[in-house]
$ cat structure01.pdb   # PDB, C-alpha atoms
ATOM      1  CA  MET N1399     114.668 114.929  77.596
ATOM      2  CA  LYS N1400     116.085 117.386  80.126
ATOM      3  CA  LEU N1401     115.348 116.253  83.669
ATOM      4  CA  ASN N1402     113.590 118.582  86.105
ATOM      5  CA  LEU N1403     113.134 118.820  89.879
ATOM      6  CA  LEU N1404     110.291 116.313  89.972
ATOM      7  CA  ASP N1405     112.391 113.827  88.005
ATOM      8  CA  PHE N1406     115.286 114.185  90.425
ATOM      9  CA  GLU N1407     113.028 113.800  93.447
ATOM     10  CA  ASN N1408     111.650 110.584  91.935
ATOM     11  CA  ILE N1409     114.927 108.935  90.886
ATOM     12  CA  SER N1410     117.276 110.026  93.685
ATOM     13  CA  SER N1411     118.140 108.054  96.799
ATOM     14  CA  GLY N1412     120.402 108.917  99.700
ATOM     15  CA  ALA N1413     119.142 112.505  99.568
ATOM     16  CA  VAL N1414     116.604 113.579 102.171
ATOM     17  CA  ARG N1415     115.674 116.548  99.977
ATOM     18  CA  VAL N1416     116.415 118.049  96.571
ATOM     19  CA  GLU N1417     116.222 121.783  95.899
ATOM     20  CA  GLU N1418     116.276 123.785  92.674
ATOM     21  CA  ARG N1419     117.931 127.181  92.635
ATOM     22  CA  GLU N1420     119.234 129.480  89.927
ATOM     23  CA  GLU N1421     122.599 127.673  89.863
ATOM     24  CA  GLY N1422     121.046 124.214  89.462
ATOM     25  CA  PHE N1423     119.894 121.297  91.586
ATOM     26  CA  PHE N1424     121.197 120.653  95.116
ATOM     27  CA  PHE N1425     121.046 117.253  96.838
ATOM     28  CA  TYR N1426     121.165 117.095 100.650
ATOM     29  CA  ARG N1427     122.002 114.008 102.708
ATOM     30  CA  PHE N1428     121.304 115.611 106.103
ATOM     31  CA  THR N1429     117.970 116.952 107.335
ATOM     32  CA  LYS N1430     117.718 120.654 108.110
ATOM     33  CA  ALA N1431     117.663 119.861 111.846
ATOM     34  CA  GLN N1432     120.842 117.794 111.498
ATOM     35  CA  GLU N1433     122.511 120.556 109.484
ATOM     36  CA  GLU N1434     121.637 123.088 112.175
ATOM     37  CA  MET N1435     123.105 120.824 114.829
ATOM     38  CA  TYR N1436     126.376 120.653 112.896
ATOM     39  CA  LYS N1437     126.303 124.383 112.172
ATOM     40  CA  GLU N1438     126.383 125.009 115.914
ATOM     41  CA  ARG N1439     128.893 122.233 116.515
ATOM     42  CA  SER N1440     131.637 122.993 113.964
ATOM     43  CA  ALA N1441     132.007 125.108 110.829
ATOM     44  CA  ASP N1442     134.177 122.384 109.274
ATOM     45  CA  PHE N1443     131.670 119.626 110.046
ATOM     46  CA  TYR N1444     128.809 121.807 108.785
ATOM     47  CA  ARG N1445     130.624 122.237 105.456
ATOM     48  CA  LYS N1446     131.077 118.465 105.223
ATOM     49  CA  THR N1447     127.321 117.898 105.515
ATOM     50  CA  PHE N1448     127.015 119.239 101.962
ATOM     51  CA  SER N1449     129.189 116.563 100.377
ATOM     52  CA  THR N1450     127.071 114.104  98.400
ATOM     53  CA  SER N1451     128.221 110.809  99.902
ATOM     54  CA  GLY N1452     125.725 107.999  99.320
ATOM     55  CA  ILE N1453     123.530 109.932  96.884
ATOM     56  CA  THR N1454     122.536 108.228  93.644
ATOM     57  CA  LEU N1455     120.226 108.659  90.675
ATOM     58  CA  ARG N1456     118.756 105.283  89.676
ATOM     59  CA  PHE N1457     116.350 104.820  86.787
ATOM     60  CA  GLU N1458     115.273 102.721  83.842
ATOM     61  CA  THR N1459     115.462 104.225  80.358
ATOM     62  CA  ASP N1460     115.781 103.422  76.666
ATOM     63  CA  SER N1461     118.202 106.313  76.128
ATOM     64  CA  THR N1462     121.413 105.592  74.255
ATOM     65  CA  SER N1463     123.293 108.576  75.686
ATOM     66  CA  LEU N1464     123.359 110.723  78.794
ATOM     67  CA  PHE N1465     124.757 114.247  79.187
ATOM     68  CA  LEU N1466     125.846 115.271  82.693
ATOM     69  CA  ASP N1467     126.836 118.848  83.548
ATOM     70  CA  VAL N1468     127.882 119.664  87.128
ATOM     71  CA  ASN N1469     129.691 122.162  89.281
ATOM     72  CA  VAL N1470     131.685 120.766  92.198
ATOM     73  CA  GLU N1471     132.808 122.714  95.235
ATOM     74  CA  LYS N1472     135.087 121.955  98.170
ATOM     75  CA  SER N1473     133.302 120.354 101.124
ATOM     76  CA  SER N1474     135.969 118.120 102.670
ATOM     77  CA  SER N1475     139.752 118.038 102.964
ATOM     78  CA  ARG N1476     139.918 116.068  99.691
ATOM     79  CA  THR N1477     139.399 117.635  96.280
ATOM     80  CA  TYR N1478     139.571 114.602  93.982
ATOM     81  CA  PHE N1479     136.165 113.247  92.981
ATOM     82  CA  ALA N1480     134.380 110.844  90.660
ATOM     83  CA  PHE N1481     130.840 110.321  89.436
ATOM     84  CA  ASP N1482     130.494 106.609  88.627
ATOM     85  CA  LEU N1483     128.062 105.417  85.964
ATOM     86  CA  GLU N1484     126.585 101.925  86.338
ATOM     87  CA  ILE N1485     124.488 100.106  83.743
ATOM     88  CA  ASN N1486     122.627  96.945  84.714
ATOM     89  CA  GLY N1487     124.783  96.552  87.809
ATOM     90  CA  LYS N1488     128.187  97.093  86.165
ATOM     91  CA  ILE N1489     130.363 100.202  86.321
ATOM     92  CA  ILE N1490     131.128 101.289  82.763
ATOM     93  CA  ASP N1491     132.479 104.829  83.017
ATOM     94  CA  SER N1492     133.048 107.830  85.267
ATOM     95  CA  LEU N1493     133.414 111.588  85.262
ATOM     96  CA  GLN N1494     136.455 112.385  87.403
ATOM     97  CA  ASN N1495     139.097 115.053  87.945
ATOM     98  CA  PHE N1496     142.183 112.882  88.391
ATOM     99  CA  ASP N1497     144.377 110.540  86.366
ATOM    100  CA  GLU N1498     144.469 107.172  88.124
ATOM    101  CA  THR N1499     147.593 106.056  86.265
ATOM    102  CA  ALA N1500     149.626 108.972  87.627
ATOM    103  CA  LEU N1501     148.649 108.762  91.295
ATOM    104  CA  PRO N1502     151.236 108.099  94.020
ATOM    105  CA  GLN N1503     150.606 105.567  96.787
ATOM    106  CA  ASP N1504     149.480 108.402  99.064
ATOM    107  CA  TYR N1505     147.162 110.394  96.839
ATOM    108  CA  THR N1506     145.145 111.996  99.637
ATOM    109  CA  THR N1507     146.586 115.479  99.249
ATOM    110  CA  ILE N1508     146.917 115.650  95.473
ATOM    111  CA  PRO N1509     145.788 118.977  94.014
ATOM    112  CA  ALA N1510     142.722 118.340  91.860
ATOM    113  CA  PRO N1511     140.679 120.973  90.034
ATOM    114  CA  LEU N1512     137.179 121.933  91.092
ATOM    115  CA  GLY N1513     134.526 123.909  89.249
ATOM    116  CA  SER N1514     132.530 122.976  86.148
ATOM    117  CA  PHE N1515     132.705 119.534  84.519
ATOM    118  CA  SER N1516     130.581 117.806  81.917
ATOM    119  CA  LYS N1517     130.561 114.569  79.960
ATOM    120  CA  THR N1518     128.435 112.624  77.511
ATOM    121  CA  PHE N1519     128.098 108.949  78.408
ATOM    122  CA  GLU N1520     127.215 106.297  75.834
ATOM    123  CA  LEU N1521     124.619 103.928  77.301
ATOM    124  CA  GLY N1522     124.082 101.430  74.483
ATOM    125  CA  GLU N1523     120.910 100.245  72.828
ATOM    126  CA  GLY N1524     117.726  98.965  74.431
ATOM    127  CA  LYS N1525     116.134  99.212  77.846
ATOM    128  CA  LYS N1526     118.569  99.343  80.762
ATOM    129  CA  GLU N1527     118.891 100.296  84.417
ATOM    130  CA  VAL N1528     121.203 103.245  84.948
ATOM    131  CA  CYS N1529     122.684 104.466  88.209
ATOM    132  CA  ILE N1530     124.830 107.564  88.753
ATOM    133  CA  TYR N1531     126.802 107.526  92.001
ATOM    134  CA  PHE N1532     127.666 110.985  93.328
ATOM    135  CA  PRO N1533     131.072 111.781  94.869
ATOM    136  CA  TRP N1534     131.628 111.515  98.611
ATOM    137  CA  SER N1535     134.319 114.213  98.722
ATOM    138  CA  VAL N1536     132.725 117.342  97.269
ATOM    139  CA  ALA N1537     129.510 119.360  97.172
ATOM    140  CA  VAL N1538     127.640 119.077  93.889
ATOM    141  CA  VAL N1539     125.432 121.416  91.924
ATOM    142  CA  LEU N1540     123.822 119.460  89.100
ATOM    143  CA  LYS N1541     123.329 121.945  86.282
ATOM    144  CA  GLU N1542     121.907 119.570  83.682
ATOM    145  CA  LEU N1543     121.135 115.925  83.036
ATOM    146  CA  THR N1544     119.778 115.222  79.565
ATOM    147  CA  LEU N1545     118.733 111.884  78.014
ATOM    148  CA  ASN N1546     117.891 111.189  74.382
ATOM    149  CA  GLY N1547     115.342 108.432  75.000
ATOM    150  CA  THR N1548     111.565 108.291  75.187
ATOM    151  CA  TYR N1549     111.080 107.606  78.908
ATOM    152  CA  ILE N1550     112.606 107.506  82.374
ATOM    153  CA  LYS N1551     111.317 105.376  85.259
ATOM    154  CA  ALA N1552     112.535 105.458  88.846
ATOM    155  CA  VAL N1553     114.102 102.260  90.218
ATOM    156  CA  LYS N1554     114.235 101.848  93.996
ATOM    157  CA  ARG N1555     116.060  99.261  96.057
ATOM    158  CA  THR N1556     113.876  97.305  98.438
ATOM    159  CA  LYS N1557     115.509  98.332 101.750
ATOM    160  CA  LYS N1558     117.204 101.293 103.417
ATOM    161  CA  LEU N1559     120.604 101.421 105.130
ATOM    162  CA  LEU N1560     121.432 104.316 107.462
ATOM    163  CA  ALA N1561     125.219 104.679 107.702
ATOM    164  CA  ILE N1562     126.615 106.711 110.607
ATOM    165  CA  GLY N1563     130.278 107.265 111.295
ATOM    166  CA  ASP N1564     133.463 109.230 110.780
ATOM    167  CA  SER N1565     135.751 109.797 107.788
ATOM    168  CA  ILE N1566     136.017 106.140 106.756
ATOM    169  CA  THR N1567     132.245 105.759 106.453
ATOM    170  CA  HIS N1568     132.089 109.215 104.854
ATOM    171  CA  GLY N1569     134.270 107.738 102.086
ATOM    172  CA  TYR N1570     137.857 108.768 102.796
ATOM    173  CA  ASP N1571     139.822 107.668 100.733
ATOM    174  CA  ALA N1572     138.035 105.755  98.005
ATOM    175  CA  LEU N1573     138.928 107.043  94.557
ATOM    176  CA  HIS N1574     135.486 106.018  93.329
ATOM    177  CA  PRO N1575     132.250 106.321  95.331
ATOM    178  CA  THR N1576     131.270 102.777  94.362
ATOM    179  CA  ASN N1577     134.354 101.504  96.191
ATOM    180  CA  LYS N1578     133.365 102.911  99.586
ATOM    181  CA  TYR N1579     132.869 100.013 101.973
ATOM    182  CA  ILE N1580     129.386 101.168 102.956
ATOM    183  CA  THR N1581     128.285 101.464  99.316
ATOM    184  CA  LYS N1582     129.416  97.879  98.705
ATOM    185  CA  ILE N1583     127.462  96.730 101.764
ATOM    186  CA  ALA N1584     124.345  98.612 100.653
ATOM    187  CA  LYS N1585     124.512  96.937  97.237
ATOM    188  CA  HIS N1586     124.875  93.509  98.883
ATOM    189  CA  LEU N1587     121.823  94.211 101.046
ATOM    190  CA  ASP N1588     119.815  95.600  98.103
ATOM    191  CA  ALA N1589     119.465  98.750 100.193
ATOM    192  CA  GLU N1590     119.539 102.458  99.490
ATOM    193  CA  GLU N1591     122.442 104.118 101.301
ATOM    194  CA  TYR N1592     121.652 107.113 103.493
ATOM    195  CA  ASN N1593     125.083 108.319 104.563
ATOM    196  CA  LYS N1594     125.288 110.503 107.689
ATOM    197  CA  ALA N1595     129.039 110.184 108.242
ATOM    198  CA  ILE N1596     131.306 113.166 108.852
ATOM    199  CA  GLY N1597     135.086 113.086 108.537
ATOM    200  CA  GLY N1598     136.716 113.674 111.927
ATOM    201  CA  GLU N1599     133.567 112.984 113.926
ATOM    202  CA  VAL N1600     133.119 111.246 117.295
ATOM    203  CA  PHE N1601     130.062 109.889 119.124
ATOM    204  CA  VAL N1602     127.458 112.699 119.277
ATOM    205  CA  PRO N1603     124.290 111.605 121.121
ATOM    206  CA  GLU N1604     122.252 114.436 119.606
ATOM    207  CA  LEU N1605     122.600 112.920 116.120
ATOM    208  CA  ALA N1606     121.063 109.668 117.371
ATOM    209  CA  ARG N1607     118.106 111.607 118.777
ATOM    210  CA  LEU N1608     117.385 113.473 115.537
ATOM    211  CA  ARG N1609     115.248 110.837 113.876
ATOM    212  CA  GLU N1610     115.032 110.359 110.132
ATOM    213  CA  ASP N1611     111.727 110.620 108.268
ATOM    214  CA  PHE N1612     112.014 106.931 107.412
ATOM    215  CA  VAL N1613     112.651 103.731 109.351
ATOM    216  CA  PRO N1614     115.877 102.094 108.123
ATOM    217  CA  ASP N1615     116.052  98.332 107.788
ATOM    218  CA  PHE N1616     119.732  98.429 108.753
ATOM    219  CA  ILE N1617     121.925 100.894 110.615
ATOM    220  CA  THR N1618     125.707 100.783 110.780
ATOM    221  CA  VAL N1619     127.655 102.861 113.294
ATOM    222  CA  ALA N1620     131.433 103.194 112.949
ATOM    223  CA  TYR N1621     132.865 105.635 115.473
ATOM    224  CA  GLY N1622     135.655 105.259 117.988
ATOM    225  CA  THR N1623     138.958 105.936 116.281
ATOM    226  CA  ASN N1624     138.614 109.709 116.713
ATOM    227  CA  ASP N1625     137.226 109.285 120.232
ATOM    228  CA  TRP N1626     140.431 107.438 121.086
ATOM    229  CA  SER N1627     142.616 109.967 119.317
ATOM    230  CA  LEU N1628     140.922 113.145 120.560
ATOM    231  CA  LYS N1629     138.940 112.456 123.746
ATOM    232  CA  ASP N1630     139.500 111.263 127.295
ATOM    233  CA  LYS N1631     137.967 107.947 128.279
ATOM    234  CA  ASP N1632     135.217 109.356 130.489
ATOM    235  CA  THR N1633     133.966 111.613 127.680
ATOM    236  CA  PHE N1634     134.092 108.738 125.195
ATOM    237  CA  LEU N1635     132.170 106.407 127.520
ATOM    238  CA  LYS N1636     129.499 108.996 128.267
ATOM    239  CA  ASN N1637     128.959 109.931 124.628
ATOM    240  CA  ALA N1638     129.029 106.347 123.314
ATOM    241  CA  THR N1639     126.592 105.130 125.980
ATOM    242  CA  GLU N1640     124.126 107.939 125.337
ATOM    243  CA  PHE N1641     124.482 107.499 121.577
ATOM    244  CA  TYR N1642     123.736 103.774 121.438
ATOM    245  CA  ASN N1643     120.920 103.994 123.963
ATOM    246  CA  ALA N1644     119.286 106.822 122.008
ATOM    247  CA  LEU N1645     119.749 105.052 118.669
ATOM    248  CA  SER N1646     118.271 101.806 119.973
ATOM    249  CA  ILE N1647     115.233 103.685 121.290
ATOM    250  CA  SER N1648     114.823 105.774 118.127
ATOM    251  CA  TYR N1649     114.865 102.715 115.848
ATOM    252  CA  PRO N1650     113.601  99.719 117.851
ATOM    253  CA  THR N1651     112.786  97.653 114.750
ATOM    254  CA  SER N1652     116.021  98.338 112.845
ATOM    255  CA  ARG N1653     118.979  95.968 112.820
ATOM    256  CA  ILE N1654     121.871  98.002 114.209
ATOM    257  CA  PHE N1655     125.523  97.045 113.707
ATOM    258  CA  ALA N1656     128.203  98.687 115.836
ATOM    259  CA  ILE N1657     131.496  98.430 113.925
ATOM    260  CA  THR N1658     134.537  98.993 116.129
ATOM    261  CA  PRO N1659     137.637 100.811 114.804
ATOM    262  CA  ILE N1660     139.854  99.239 112.172
ATOM    263  CA  TRP N1661     143.647  99.035 112.510
ATOM    264  CA  ARG N1662     145.575 102.278 112.411
ATOM    265  CA  ARG N1663     149.333 102.556 112.305
ATOM    266  CA  ASP N1664     149.623 104.502 115.573
ATOM    267  CA  TYR N1665     147.250 102.324 117.609
ATOM    268  CA  GLU N1666     149.963 101.615 120.196
ATOM    269  CA  ASN N1667     150.720 105.314 120.807
ATOM    270  CA  PRO N1668     151.380 105.584 124.570
ATOM    271  CA  GLU N1669     150.600 109.314 124.599
ATOM    272  CA  LYS N1670     146.884 108.786 124.063
ATOM    273  CA  ALA N1671     144.502 109.060 127.007
ATOM    274  CA  PHE N1672     143.661 105.345 127.068
ATOM    275  CA  PRO N1673     144.639 102.130 125.212
ATOM    276  CA  PHE N1674     143.178 101.645 121.716
ATOM    277  CA  PHE N1675     141.636  98.230 122.455
ATOM    278  CA  GLU N1676     139.549  99.701 125.259
ATOM    279  CA  VAL N1677     137.401 101.322 122.561
ATOM    280  CA  GLU N1678     136.104  97.980 121.315
ATOM    281  CA  LYS N1679     135.869  96.523 124.819
ATOM    282  CA  SER N1680     133.781  99.488 125.977
ATOM    283  CA  ILE N1681     131.496  99.447 122.930
ATOM    284  CA  ARG N1682     130.797  95.756 123.532
ATOM    285  CA  GLU N1683     129.886  96.429 127.151
ATOM    286  CA  ILE N1684     127.669  99.357 126.191
ATOM    287  CA  CYS N1685     125.813  97.410 123.491
ATOM    288  CA  THR N1686     125.356  94.102 125.349
ATOM    289  CA  PRO N1687     122.019  95.126 126.953
ATOM    290  CA  LEU N1688     120.641  96.420 123.636
ATOM    291  CA  ASP N1689     118.772  93.617 121.881
ATOM    292  CA  ASN N1690     118.791  95.189 118.414
ATOM    293  CA  VAL N1691     122.501  96.038 118.350
ATOM    294  CA  LYS N1692     125.209  93.634 117.189
ATOM    295  CA  VAL N1693     128.908  94.493 117.596
ATOM    296  CA  ILE N1694     131.302  93.761 114.728
ATOM    297  CA  SER N1695     135.020  93.800 115.488
ATOM    298  CA  GLY N1696     136.833  96.059 113.049
ATOM    299  CA  PHE N1697     140.503  95.679 113.973
ATOM    300  CA  ASP N1698     141.200  92.707 111.696
ATOM    301  CA  LEU N1699     138.931  93.649 108.781
ATOM    302  CA  VAL N1700     141.596  95.402 106.688
ATOM    303  CA  PRO N1701     145.103  93.867 106.426
ATOM    304  CA  LYS N1702     147.628  95.636 108.653
ATOM    305  CA  ASP N1703     149.780  96.761 105.749
ATOM    306  CA  GLU N1704     150.137 100.365 104.595
ATOM    307  CA  LYS N1705     149.614  99.346 100.960
ATOM    308  CA  TYR N1706     145.884  98.977 101.764
ATOM    309  CA  TYR N1707     145.688 102.526 103.123
ATOM    310  CA  ALA N1708     145.618 105.612 100.922
ATOM    311  CA  ASP N1709     147.391 107.735 103.536
ATOM    312  CA  LEU N1710     149.550 104.759 104.609
ATOM    313  CA  ARG N1711     148.196 104.868 108.149
ATOM    314  CA  LEU N1712     144.423 105.237 108.650
ATOM    315  CA  HIS N1713     142.097 105.543 105.653
ATOM    316  CA  PRO N1714     141.669 102.508 103.388
ATOM    317  CA  ASN N1715     142.185 102.797  99.656
ATOM    318  CA  ASP N1716     139.900 101.043  97.172
ATOM    319  CA  GLU N1717     141.598  97.692  97.752
ATOM    320  CA  GLY N1718     141.442  98.119 101.516
ATOM    321  CA  PHE N1719     137.734  98.942 101.307
ATOM    322  CA  GLU N1720     137.166  95.643  99.497
ATOM    323  CA  TYR N1721     138.432  93.783 102.561
ATOM    324  CA  TYR N1722     136.458  96.030 104.885
ATOM    325  CA  ALA N1723     133.171  95.468 103.053
ATOM    326  CA  ASP N1724     133.651  91.702 102.710
ATOM    327  CA  GLY N1725     134.442  91.363 106.409
ATOM    328  CA  VAL N1726     131.429  93.347 107.558
ATOM    329  CA  ILE N1727     129.080  91.475 105.212
ATOM    330  CA  LYS N1728     130.269  88.150 106.615
ATOM    331  CA  ALA N1729     129.951  89.393 110.199
ATOM    332  CA  MET N1730     126.400  90.587 109.606
ATOM    333  CA  GLU N1731     125.373  86.954 109.023
ATOM    334  CA  LEU N1732     122.669  87.907 106.567
TER     335      LEU N1732
END

$ encode --input "structure01.pdb" --output "structure tokens"
Amino acid sequence: MKLNLLDFENISSGAVRVEEREEGFFFYRFTKAQEEMYKERSADFYRKTFSTSGITLRFETDSTSLFLDVNVEKSSSRTYFAFDLEINGKIIDSLQNFDETALPQDYTTIPAPLGSFSKTFELGEGKKEVCIYFPWSVAVVLKELTLNGTYIKAVKRTKKLLAIGDSITHGYDALHPTNKYITKIAKHLDAEEYNKAIGGEVFVPELARLREDFVPDFITVAYGTNDWSLKDKDTFLKNATEFYNALSISYPTSRIFAITPIWRRDYENPEKAFPFFEVEKSIREICTPLDNVKVISGFDLVPKDEKYYADLRLHPNDEGFEYYADGVIKAMEL
């Protein structure tokens, strides 16, 4: 049973559209209007829109094996990737282009091959729920997905989570997509993850005004660290205020969580335009009048120890993301 476009449209989540071309199937996490906005904003950010962060294929089947054939292309500053395979809620295998046992503490710049990859996964006997998690770091062309069973049935989670943010929400630097903090939160909430994060991004009010074609149950926003690092305070305040006001208006019935920046090694850098802790203070002041926005303090979520950071300074590794996810889930009070 070789899956076709209609199959992928039925079983995918996190993708706002799926297209079939001669090379294979393409899964897009941003709308065309959002892509155009980023195309005008930055060539680098536009390229990052094509990474497949948050996209999954979830289905029920009686198949005992699954053949996956893909082509992966560069779409972020990281080239390592993994497709994680989950059966009945447990990760059992992955298709990846790196050797975990040989990685250094800082693995963020390791050279990893791109191009064509394929693998046959053994699924076991009987009916089961299968989920394939796409990589956050690369663009994917799915050339073939073949099952040997008699049926496939889409499985959807009951809610939707819209995740907006910078590199950390994008996925930097989880080795496996299932270890991203936002993916862990989505699983806890029984929600499909729609990931609109871009590595290196700051508050952009226009993104908040470009509404999705669905109403999310939950929205997380995690900007601020790049605003502090790259912008002056007046620009940050203007953009953050417009962003949260627009988001609150666009999604009046959604529960919105504003996550302030986590610890970074250089947070006391005196050369920056304004003190790091003014980011959280300002976000709290901006969000106080907005009834559907709750602020979650990020600074203490991940231990302040470089061993929890893949690059030793800013981006959590898989263990660091575990702390991040647990802390946010507790703070959500759900």

$ closest_atom_pairs --input "structure01.pdb" --of "range 1535-1630 of chain N" --to "range 1659-1683 of chain N" --cutoff "7 Å" --atoms "only C-alpha atoms" --output "tab-separated table"
residue	atom	partner	partner_atom	distance
N:Ala1620	CA	N:Pro1659	CA	6.9
N:Tyr1621	CA	N:Pro1659	CA	6.8
N:Gly1622	CA	N:Pro1659	CA	5.8
N:Thr1623	CA	N:Pro1659	CA	5.5
N:Trp1626	CA	N:Phe1674	CA	6.4
N:Ser1627	CA	N:Lys1670	CA	6.5
N:Asp1630	CA	N:Ala1671	CA	5.5

$ residues_around --input "structure01.pdb" --residues "range 1587-1597 of chain N" --least-positions-apart "3" --cutoff "7 Å" --atoms "only C-alpha atoms" --output "compact mmCIF listing (two decimals) with C-alpha atoms, in the frame of the given file"
# COMPACT_ATOMS: atom_id res chain seq x y z
CA SER N 1411 118.14 108.05 96.80
CA GLY N 1412 120.40 108.92 99.70
CA ARG N 1427 122.00 114.01 102.71
CA PHE N 1428 121.30 115.61 106.10
CA PHE N 1443 131.67 119.63 110.05
CA LYS N 1446 131.08 118.46 105.22
CA SER N 1451 128.22 110.81 99.90
CA GLY N 1452 125.72 108.00 99.32
CA ARG N 1555 116.06 99.26 96.06
CA THR N 1556 113.88 97.30 98.44
CA LYS N 1557 115.51 98.33 101.75
CA LYS N 1558 117.20 101.29 103.42
CA LEU N 1559 120.60 101.42 105.13
CA LEU N 1560 121.43 104.32 107.46
CA ALA N 1561 125.22 104.68 107.70
CA ILE N 1562 126.62 106.71 110.61
CA GLY N 1563 130.28 107.26 111.30
CA ASP N 1564 133.46 109.23 110.78
CA SER N 1565 135.75 109.80 107.79
CA THR N 1567 132.24 105.76 106.45
CA HIS N 1568 132.09 109.22 104.85
CA THR N 1581 128.28 101.46 99.32
CA ILE N 1583 127.46 96.73 101.76
CA ALA N 1584 124.34 98.61 100.65

$ resolve_selection --input "structure01.pdb" --expression "the PyMOL selection byres ((chain N and resi 1488) around 12)" --output "ChimeraX atom specification"
/N:1482-1487,1489-1492,1521,1526-1530,1576,1585

$ residues_around --input "structure01.pdb" --residues "Pro1575 in chain N" --least-positions-apart "3" --cutoff "9 Å" --atoms "all atoms listed in the file" --output "list of chain:residue names"
N:Ser1451, N:Gly1452, N:Phe1479, N:Ala1480, N:Phe1481, N:Asp1482, N:Tyr1531, N:Phe1532, N:Pro1533, N:Trp1534, N:Ser1535, N:Gly1569, N:Ala1572, N:Lys1578, N:Thr1581

$ resolve_selection --input "structure01.pdb" --expression "the PyMOL selection byres ((chain N and resi 1509) around 12)" --output "MDAnalysis selection string"
chainID N and resid 1472 1475:1479 1495:1497 1501 1505:1508 1510:1512

$ decode --input "structure01.pdb" --residues "range 1539-1544 of chain N" --atoms "all heavy atoms" --output "PDB file, in the first residue's frame"
ATOM      1  N   VAL N1539      11.493  16.267   1.371  1.00  0.00           N
ATOM      2  CA  VAL N1539      10.677  15.785   0.258  1.00  0.00           C
ATOM      3  C   VAL N1539      10.432  14.304   0.519  1.00  0.00           C
ATOM      4  O   VAL N1539      11.381  13.504   0.571  1.00  0.00           O
ATOM      5  CB  VAL N1539      11.386  15.953  -1.101  1.00  0.00           C
ATOM      6  CG1 VAL N1539      10.461  15.461  -2.220  1.00  0.00           C
ATOM      7  CG2 VAL N1539      11.784  17.394  -1.335  1.00  0.00           C
ATOM      8  N   LEU N1540       9.189  13.953   0.740  1.00  0.00           N
ATOM      9  CA  LEU N1540       8.847  12.546   1.000  1.00  0.00           C
ATOM     10  C   LEU N1540       8.620  11.871  -0.345  1.00  0.00           C
ATOM     11  O   LEU N1540       7.651  12.157  -1.042  1.00  0.00           O
ATOM     12  CB  LEU N1540       7.607  12.454   1.891  1.00  0.00           C
ATOM     13  CG  LEU N1540       7.373  11.122   2.605  1.00  0.00           C
ATOM     14  CD1 LEU N1540       6.387  11.289   3.747  1.00  0.00           C
ATOM     15  CD2 LEU N1540       6.874  10.049   1.646  1.00  0.00           C
ATOM     16  N   LYS N1541       9.527  10.976  -0.698  1.00  0.00           N
ATOM     17  CA  LYS N1541       9.443  10.319  -2.008  1.00  0.00           C
ATOM     18  C   LYS N1541       8.511   9.115  -1.986  1.00  0.00           C
ATOM     19  O   LYS N1541       7.813   8.838  -2.973  1.00  0.00           O
ATOM     20  CB  LYS N1541      10.845   9.916  -2.469  1.00  0.00           C
ATOM     21  CG  LYS N1541      11.756  11.112  -2.741  1.00  0.00           C
ATOM     22  CD  LYS N1541      13.068  10.689  -3.374  1.00  0.00           C
ATOM     23  CE  LYS N1541      13.959   9.937  -2.405  1.00  0.00           C
ATOM     24  NZ  LYS N1541      15.303   9.628  -2.991  1.00  0.00           N
ATOM     25  N   GLU N1542       8.506   8.389  -0.849  1.00  0.00           N
ATOM     26  CA  GLU N1542       7.638   7.214  -0.773  1.00  0.00           C
ATOM     27  C   GLU N1542       7.412   6.804   0.667  1.00  0.00           C
ATOM     28  O   GLU N1542       8.332   6.839   1.490  1.00  0.00           O
ATOM     29  CB  GLU N1542       8.268   6.034  -1.539  1.00  0.00           C
ATOM     30  CG  GLU N1542       7.417   4.769  -1.515  1.00  0.00           C
ATOM     31  CD  GLU N1542       8.090   3.602  -2.218  1.00  0.00           C
ATOM     32  OE1 GLU N1542       9.060   3.834  -2.980  1.00  0.00           O
ATOM     33  OE2 GLU N1542       7.656   2.453  -1.993  1.00  0.00           O
ATOM     34  N   LEU N1543       6.180   6.422   0.964  1.00  0.00           N
ATOM     35  CA  LEU N1543       5.852   5.762   2.226  1.00  0.00           C
ATOM     36  C   LEU N1543       4.943   4.588   1.863  1.00  0.00           C
ATOM     37  O   LEU N1543       3.847   4.776   1.336  1.00  0.00           O
ATOM     38  CB  LEU N1543       5.154   6.703   3.201  1.00  0.00           C
ATOM     39  CG  LEU N1543       5.113   6.255   4.675  1.00  0.00           C
ATOM     40  CD1 LEU N1543       4.773   7.442   5.583  1.00  0.00           C
ATOM     41  CD2 LEU N1543       4.106   5.142   4.923  1.00  0.00           C
ATOM     42  N   THR N1544       5.445   3.386   2.133  1.00  0.00           N
ATOM     43  CA  THR N1544       4.716   2.174   1.764  1.00  0.00           C
ATOM     44  C   THR N1544       4.478   1.320   3.002  1.00  0.00           C
ATOM     45  O   THR N1544       5.381   1.129   3.822  1.00  0.00           O
ATOM     46  CB  THR N1544       5.490   1.356   0.715  1.00  0.00           C
ATOM     47  OG1 THR N1544       5.637   2.151  -0.464  1.00  0.00           O
ATOM     48  CG2 THR N1544       4.751   0.075   0.363  1.00  0.00           C
TER      49      THR N1544
END
